[in-house]
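K.L.:
Just final10.txt, nothing more (compact mmCIF, C-alpha atoms):
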```txt
# COMPACT_ATOMS: atom_id res chain seq x y z
CA MET A 1461 14.30 -15.10 14.57
CA GLU A 1462 17.78 -14.22 13.38
CA HIS A 1463 16.42 -12.33 10.37
CA PHE A 1464 13.79 -10.64 12.54
CA GLY A 1465 16.49 -9.50 14.96
CA LYS A 1466 18.56 -8.08 12.11
CA TYR A 1467 15.43 -6.34 10.83
CA LEU A 1468 14.86 -4.67 14.21
CA ILE A 1469 18.52 -3.59 14.38
CA PHE A 1470 18.17 -2.21 10.86
CA LEU A 1471 15.14 -0.15 11.91
CA GLY A 1472 17.05 1.18 14.90
CA SER A 1473 19.94 2.31 12.71
CA LEU A 1474 17.54 4.49 10.71
CA VAL A 1475 17.20 6.98 13.55
CA THR A 1476 20.86 7.26 14.53
CA ARG A 1477 23.15 9.92 13.09
CA ILE A 1478 20.22 11.64 11.40
CA GLU A 1479 21.00 13.85 8.43
CA SER A 1480 19.88 17.47 8.27
CA PRO A 1481 16.10 18.03 7.99
CA ARG A 1482 16.51 19.87 4.69
CA ILE A 1483 18.29 16.92 3.07
CA LEU A 1484 15.75 14.45 4.43
CA PHE A 1485 12.86 16.63 3.23
CA ASN A 1486 14.24 16.87 -0.30
CA ARG A 1487 14.93 13.14 -0.40
CA THR A 1488 11.43 12.39 0.93
CA ILE A 1489 9.80 14.51 -1.78
CA ASP A 1490 11.80 12.69 -4.47
CA GLU A 1491 10.81 9.32 -3.04
CA ALA A 1492 7.16 10.38 -2.74
CA ILE A 1493 7.14 11.14 -6.46
CA LEU A 1494 8.69 7.77 -7.30
CA ILE A 1495 6.42 5.82 -4.95
CA GLY A 1496 3.18 7.76 -5.28
CA ILE A 1497 2.92 9.68 -8.53
CA ASN A 1498 4.36 6.87 -10.62
CA SER A 1499 1.89 4.39 -9.10
CA ILE A 1500 -1.32 6.33 -9.79
CA PHE A 1501 -1.95 4.69 -13.16
CA ILE A 1502 -1.68 1.07 -11.99
CA VAL A 1503 -3.71 1.82 -8.83
CA GLY A 1504 -6.39 3.53 -10.93
CA ILE A 1505 -6.69 0.64 -13.39
CA VAL A 1506 -6.76 -2.07 -10.72
CA SER A 1507 -9.22 -0.32 -8.38
CA THR A 1508 -11.64 0.68 -11.15
CA PHE A 1509 -11.94 -2.85 -12.50
CA ILE A 1510 -12.12 -4.37 -9.02
CA GLY A 1511 -15.13 -2.16 -8.28
CA ALA A 1512 -16.71 -3.06 -11.61
CA VAL A 1513 -16.18 -6.79 -11.14
CA THR A 1514 -17.47 -6.66 -7.57
CA CYS A 1515 -20.65 -4.93 -8.72
CA VAL A 1516 -21.25 -7.44 -11.51
CA GLN A 1517 -20.62 -10.48 -9.29
CA VAL A 1518 -22.79 -9.20 -6.45
CA SER A 1519 -25.55 -8.50 -8.96
CA TYR A 1520 -25.19 -12.02 -10.38
CA ASN A 1521 -25.59 -13.63 -6.94
CA LEU A 1522 -28.39 -11.33 -5.76
CA THR A 1523 -31.31 -13.30 -7.15
CA ASN A 1524 -33.83 -12.84 -4.33
CA ALA A 1525 -36.56 -10.46 -5.47
CA LEU A 1526 -37.23 -9.41 -1.87
CA ILE A 1527 -33.76 -7.87 -1.50
CA PRO A 1528 -33.62 -4.33 -2.96
CA ARG A 1529 -31.16 -3.72 -5.79
CA SER A 1530 -29.62 -0.88 -3.81
CA THR A 1531 -27.96 -3.60 -1.73
CA ILE A 1532 -25.47 -3.98 -4.59
CA GLY A 1533 -24.18 -0.46 -4.04
CA PHE A 1534 -24.06 -1.03 -0.28
CA MET A 1535 -21.97 -4.20 -0.66
CA VAL A 1536 -19.61 -2.62 -3.18
CA ARG A 1537 -19.00 0.27 -0.77
CA GLU A 1538 -18.42 -1.95 2.25
CA MET A 1539 -16.13 -4.39 0.43
CA THR A 1540 -14.19 -1.55 -1.14
CA ILE A 1541 -13.61 0.51 1.99
CA LEU A 1542 -12.99 -2.30 4.45
CA GLU A 1543 -10.87 -4.64 2.38
CA LEU A 1544 -10.42 -4.23 -1.35
CA ALA A 1545 -9.06 -0.68 -1.51
CA PRO A 1546 -6.44 -0.84 1.30
CA THR A 1547 -5.40 -4.47 0.98
CA ILE A 1548 -5.44 -5.08 -2.77
CA THR A 1549 -3.85 -1.68 -3.44
CA SER A 1550 -1.09 -2.46 -0.93
CA ILE A 1551 -0.45 -5.87 -2.48
CA VAL A 1552 -0.20 -4.27 -5.93
CA LEU A 1553 2.18 -1.65 -4.54
CA ALA A 1554 4.21 -4.36 -2.81
CA GLY A 1555 4.91 -5.77 -6.25
CA LYS A 1556 5.67 -2.44 -7.90
CA VAL A 1557 7.16 -0.30 -5.14
CA GLY A 1558 8.67 -3.10 -3.06
CA SER A 1559 10.60 -4.65 -5.93
CA ASN A 1560 11.76 -1.22 -7.06
CA ILE A 1561 13.07 -0.31 -3.60
CA ALA A 1562 14.80 -3.66 -3.10
CA SER A 1563 16.41 -3.73 -6.54
CA GLY A 1564 17.53 -0.10 -6.28
CA LEU A 1565 19.19 -0.52 -2.90
CA GLY A 1566 20.59 -3.90 -3.88
CA THR A 1567 22.22 -2.42 -6.97
CA MET A 1568 23.71 0.40 -4.91
CA GLN A 1569 25.04 -2.15 -2.43
CA ILE A 1570 26.79 -4.43 -4.93
CA THR A 1571 28.24 -1.47 -6.86
CA GLU A 1572 29.68 -0.13 -3.57
CA GLN A 1573 27.75 3.14 -3.71
CA VAL A 1574 26.57 2.50 -0.15
CA ASP A 1575 30.19 2.07 0.98
CA ALA A 1576 31.07 5.37 -0.68
CA LEU A 1577 28.37 7.12 1.37
CA GLU A 1578 29.74 5.59 4.57
CA VAL A 1579 33.27 6.71 3.69
CA MET A 1580 31.97 10.27 3.35
CA GLY A 1581 30.57 10.06 6.87
CA ILE A 1582 26.92 9.72 5.84
CA ASN A 1583 24.63 7.28 7.63
CA SER A 1584 23.56 5.37 4.53
CA GLU A 1585 20.56 3.73 6.22
CA ASN A 1586 19.22 7.09 7.34
CA TYR A 1587 20.01 8.82 4.04
CA LEU A 1588 18.71 6.11 1.70
CA VAL A 1589 16.01 4.25 3.61
CA LEU A 1590 14.31 6.67 6.01
CA PRO A 1591 13.01 8.98 3.23
CA LYS A 1592 11.49 5.95 1.46
CA ILE A 1593 9.60 4.92 4.60
CA ILE A 1594 8.39 8.45 5.38
CA ALA A 1595 7.28 8.97 1.77
CA ALA A 1596 5.41 5.65 1.77
CA LEU A 1597 3.62 6.57 5.01
CA PHE A 1598 2.33 9.75 3.36
CA VAL A 1599 1.45 8.55 -0.14
CA PHE A 1600 -0.08 5.13 0.61
CA PRO A 1601 -3.17 6.60 2.34
CA MET A 1602 -3.62 9.01 -0.57
CA LEU A 1603 -3.47 6.14 -3.05
CA VAL A 1604 -5.95 4.15 -0.96
CA ILE A 1605 -8.38 7.09 -0.94
CA LEU A 1606 -8.01 7.30 -4.72
CA ALA A 1607 -8.63 3.55 -4.97
CA MET A 1608 -11.80 3.85 -2.87
CA PHE A 1609 -13.21 6.57 -5.11
CA LEU A 1610 -12.33 4.83 -8.37
CA SER A 1611 -13.55 1.44 -7.18
CA ILE A 1612 -16.96 2.82 -6.20
CA ALA A 1613 -17.05 4.77 -9.48
CA GLY A 1614 -16.17 1.59 -11.38
CA GLY A 1615 -19.05 -0.21 -9.69
CA TYR A 1616 -21.38 2.64 -10.64
CA ILE A 1617 -20.32 2.51 -14.29
CA ALA A 1618 -20.55 -1.28 -14.50
CA GLY A 1619 -23.89 -1.43 -12.70
CA THR A 1620 -25.57 1.19 -14.85
CA LEU A 1621 -24.11 0.01 -18.15
CA THR A 1622 -25.21 -3.59 -17.56
CA ASN A 1623 -28.63 -2.48 -16.25
CA ALA A 1624 -28.01 -4.39 -13.03
CA LEU A 1625 -29.47 -1.40 -11.19
CA THR A 1626 -30.28 2.21 -11.81
CA ALA A 1627 -28.00 5.10 -10.91
CA GLN A 1628 -30.36 6.19 -8.15
CA GLU A 1629 -30.44 2.71 -6.65
CA TYR A 1630 -26.63 2.55 -6.62
CA ILE A 1631 -26.31 5.97 -4.97
CA THR A 1632 -28.96 5.01 -2.41
CA GLY A 1633 -27.00 1.85 -1.64
CA ILE A 1634 -23.62 3.55 -1.13
CA ARG A 1635 -25.28 6.11 1.19
CA ASP A 1636 -27.15 3.52 3.26
CA ALA A 1637 -25.93 2.90 6.85
CA PHE A 1638 -22.58 4.56 6.22
CA VAL A 1639 -20.07 4.28 9.11
CA PRO A 1640 -17.35 6.97 8.92
CA TYR A 1641 -15.06 4.91 11.17
CA ASN A 1642 -14.60 2.41 8.33
CA ILE A 1643 -12.64 4.99 6.34
CA LEU A 1644 -10.42 5.69 9.36
CA PHE A 1645 -9.90 1.95 9.75
CA ALA A 1646 -8.85 1.64 6.10
CA LEU A 1647 -6.42 4.54 6.42
CA ILE A 1648 -4.88 3.05 9.56
CA LYS A 1649 -4.36 -0.20 7.68
CA SER A 1650 -2.78 1.66 4.76
CA VAL A 1651 -0.24 3.32 7.09
CA VAL A 1652 0.65 -0.05 8.65
CA PHE A 1653 0.98 -1.65 5.21
CA ALA A 1654 3.11 1.26 3.97
CA PHE A 1655 5.57 0.84 6.83
CA LEU A 1656 5.80 -2.92 6.37
CA ILE A 1657 6.28 -2.82 2.60
CA SER A 1658 8.83 0.00 2.58
CA SER A 1659 10.85 -1.24 5.55
CA ILE A 1660 10.93 -4.92 4.55
CA SER A 1661 11.84 -4.10 0.94
CA SER A 1662 14.56 -1.69 2.11
CA PHE A 1663 15.92 -4.30 4.52
CA LYS A 1664 16.13 -6.95 1.80
CA GLY A 1665 17.71 -4.58 -0.70
CA TYR A 1666 20.16 -2.99 1.72
CA ASN A 1667 21.50 -6.36 2.88
CA THR A 1668 22.10 -7.68 -0.64
CA SER A 1669 25.55 -9.08 -1.36
CA GLY A 1670 26.99 -10.72 -4.45
CA GLY A 1671 25.98 -9.81 -7.97
CA ALA A 1672 23.04 -9.32 -10.30
CA LEU A 1673 21.47 -12.69 -9.44
CA GLU A 1674 21.40 -11.77 -5.76
CA VAL A 1675 19.71 -8.45 -6.59
CA GLY A 1676 16.94 -10.34 -8.38
CA ALA A 1677 16.61 -12.77 -5.48
CA ALA A 1678 16.43 -9.90 -2.99
CA SER A 1679 13.73 -8.21 -5.07
CA THR A 1680 11.68 -11.42 -5.19
CA ALA A 1681 12.11 -12.01 -1.46
CA ALA A 1682 11.09 -8.42 -0.73
CA VAL A 1683 7.81 -8.78 -2.63
CA THR A 1684 7.05 -12.20 -1.12
CA ASN A 1685 7.78 -11.18 2.46
CA SER A 1686 5.93 -7.88 2.07
CA VAL A 1687 2.77 -9.58 0.78
CA ILE A 1688 2.85 -12.11 3.63
CA ALA A 1689 3.37 -9.31 6.17
CA VAL A 1690 0.48 -7.31 4.67
CA LEU A 1691 -1.90 -10.27 4.92
CA ILE A 1692 -0.91 -11.00 8.52
CA ALA A 1693 -1.20 -7.32 9.46
CA ASP A 1694 -4.60 -7.18 7.73
CA TYR A 1695 -5.93 -9.90 10.02
CA VAL A 1696 -4.36 -8.38 13.13
CA CYS A 1697 -5.75 -4.91 12.37
CA ALA A 1698 -9.22 -6.32 11.72
CA GLN A 1699 -9.11 -8.29 14.98
CA LEU A 1700 -7.96 -5.32 17.04
CA LEU A 1701 -9.81 -2.40 15.47
CA LEU A 1702 -13.19 -3.83 14.44
```
Reformat the file's structure so that it appears as structure tokens.

P.N.:
Amino acid sequence: MEHFGKYLIFLGSLVTRIESPRILFNRTIDEAILIGINSIFIVGIVSTFIGAVTCVQVSYNLTNALIPRSTIGFMVREMTILELAPTITSIVLAGKVGSNIASGLGTMQITEQVDALEVMGINSENYLVLPKIIAALFVFPMLVILAMFLSIAGGYIAGTLTNALTAQEYITGIRDAFVPYNILFALIKSVVFAFLISSISSFKGYNTSGGALEVGAASTAAVTNSVIAVLIADYVCAQLLL
């Protein structure tokens, strides 16, 4: 509870003594590039192979001749949109983005760069952390949409190459009984995950004290806590929104 209270106080300090909108906008764009653009490759690789593996495993277990093969495409689509794309992508980003945020802020803290900002009259939490959170809120849904597309495409490639089903059967399956709300649900989850990962990682990094070992410990704690928070939030969102 003590750490949770400090976390809430930390979030409150982000919106006090706000810097000029122009500075925050420029900082947010820089952070969006670091968080989003630099993560496209790893998100693309992970999501493509997750879709391919899902297609192959569903095909392996679908042995009943009475069930149409288009069901494979249907299941790949549902698993991708509802769970795999938002949750697995966020967990991957928690490892990449979360550790980067925590180690970066932790290094600035132990080298007294944060103190230098405070001496100059700048709200360091607002200047350093708020742009990271805003950028994450914008780029995470975009990365999740990319993951959805690539995962379904990966399933298509794997299914047709292994002759598990024809291209027409796969397309019929991904178009069958489509519910547009599922995409909205996935995007809502991605926004929640983005806030949790960016804020928890920033909190751990900003409150680092000591030396290089403490920076590594803060980075590890940021990833661990972010993943746990994502999994809890995943259950809560599913319970409330589905």

K.L.:
Between A:Leu1610, A:Ile1570, A:Ile1527, A:Ala1512, single out the one closest to Gly1670 of chain A, counting only C-alpha atoms.

P.N.:
A:Ile1570

K.L.:
Name all residues at most 9 Å from Arg1537 of chain A (count all atoms listed in the file; drop same-chain ones fewer than 5 positions away) and give them as an MDAnalysis selection string.

P.N.:
chainID A and resid 1511 1532 1542 1608 1611:1612 1615 1633:1635 1638

K.L.:
Point out the residue among A:Ala1693, A:Ala1698, A:Leu1544, A:Leu1590 with the least atom-to-atom distance to Thr1476 of chain A, counting all atoms listed in the file.

P.N.:
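Going through A:Ala1693, A:Ala1698, A:Leu1544, A:Leu1590 one by one, the smallest distance to Thr1476 of chain A is for A:Leu1590.
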
K.L.:
Please provide as a list in words all residues within 9 Å of Thr1549 of chain A, with the sequence filter that same-chain residues fewer than 4 positions apart are discarded (counting all atoms listed in the file).

P.N.:
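Returned residues: Val1503, Val1506, Ser1507, Leu1544, Ala1545, Leu1553, Ala1554, Phe1600, Leu1603, Val1604, Ala1607 and Ser1650 of chain A.
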
K.L.:
For Gly1566 of chain A, which residue among A:Gly1665, A:Gly1465, A:Pro1528, A:Gly1496 is the nearest when counting all atoms listed in the file?

P.N.:
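Closest to Gly1566 of chain A of all the choices is A:Gly1665.
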
K.L.:
Identify, on the basis of only C-alpha atoms, every residue whose closest approach to Phe1470 of chain A does not exceed 8 Å; exclude the query and any residue fewer than 3 positions from it along the same chain; express the result as a VMD selection string.

P.N.:
chain A and resid 1466 to 1467 1473 to 1474 1585 1663
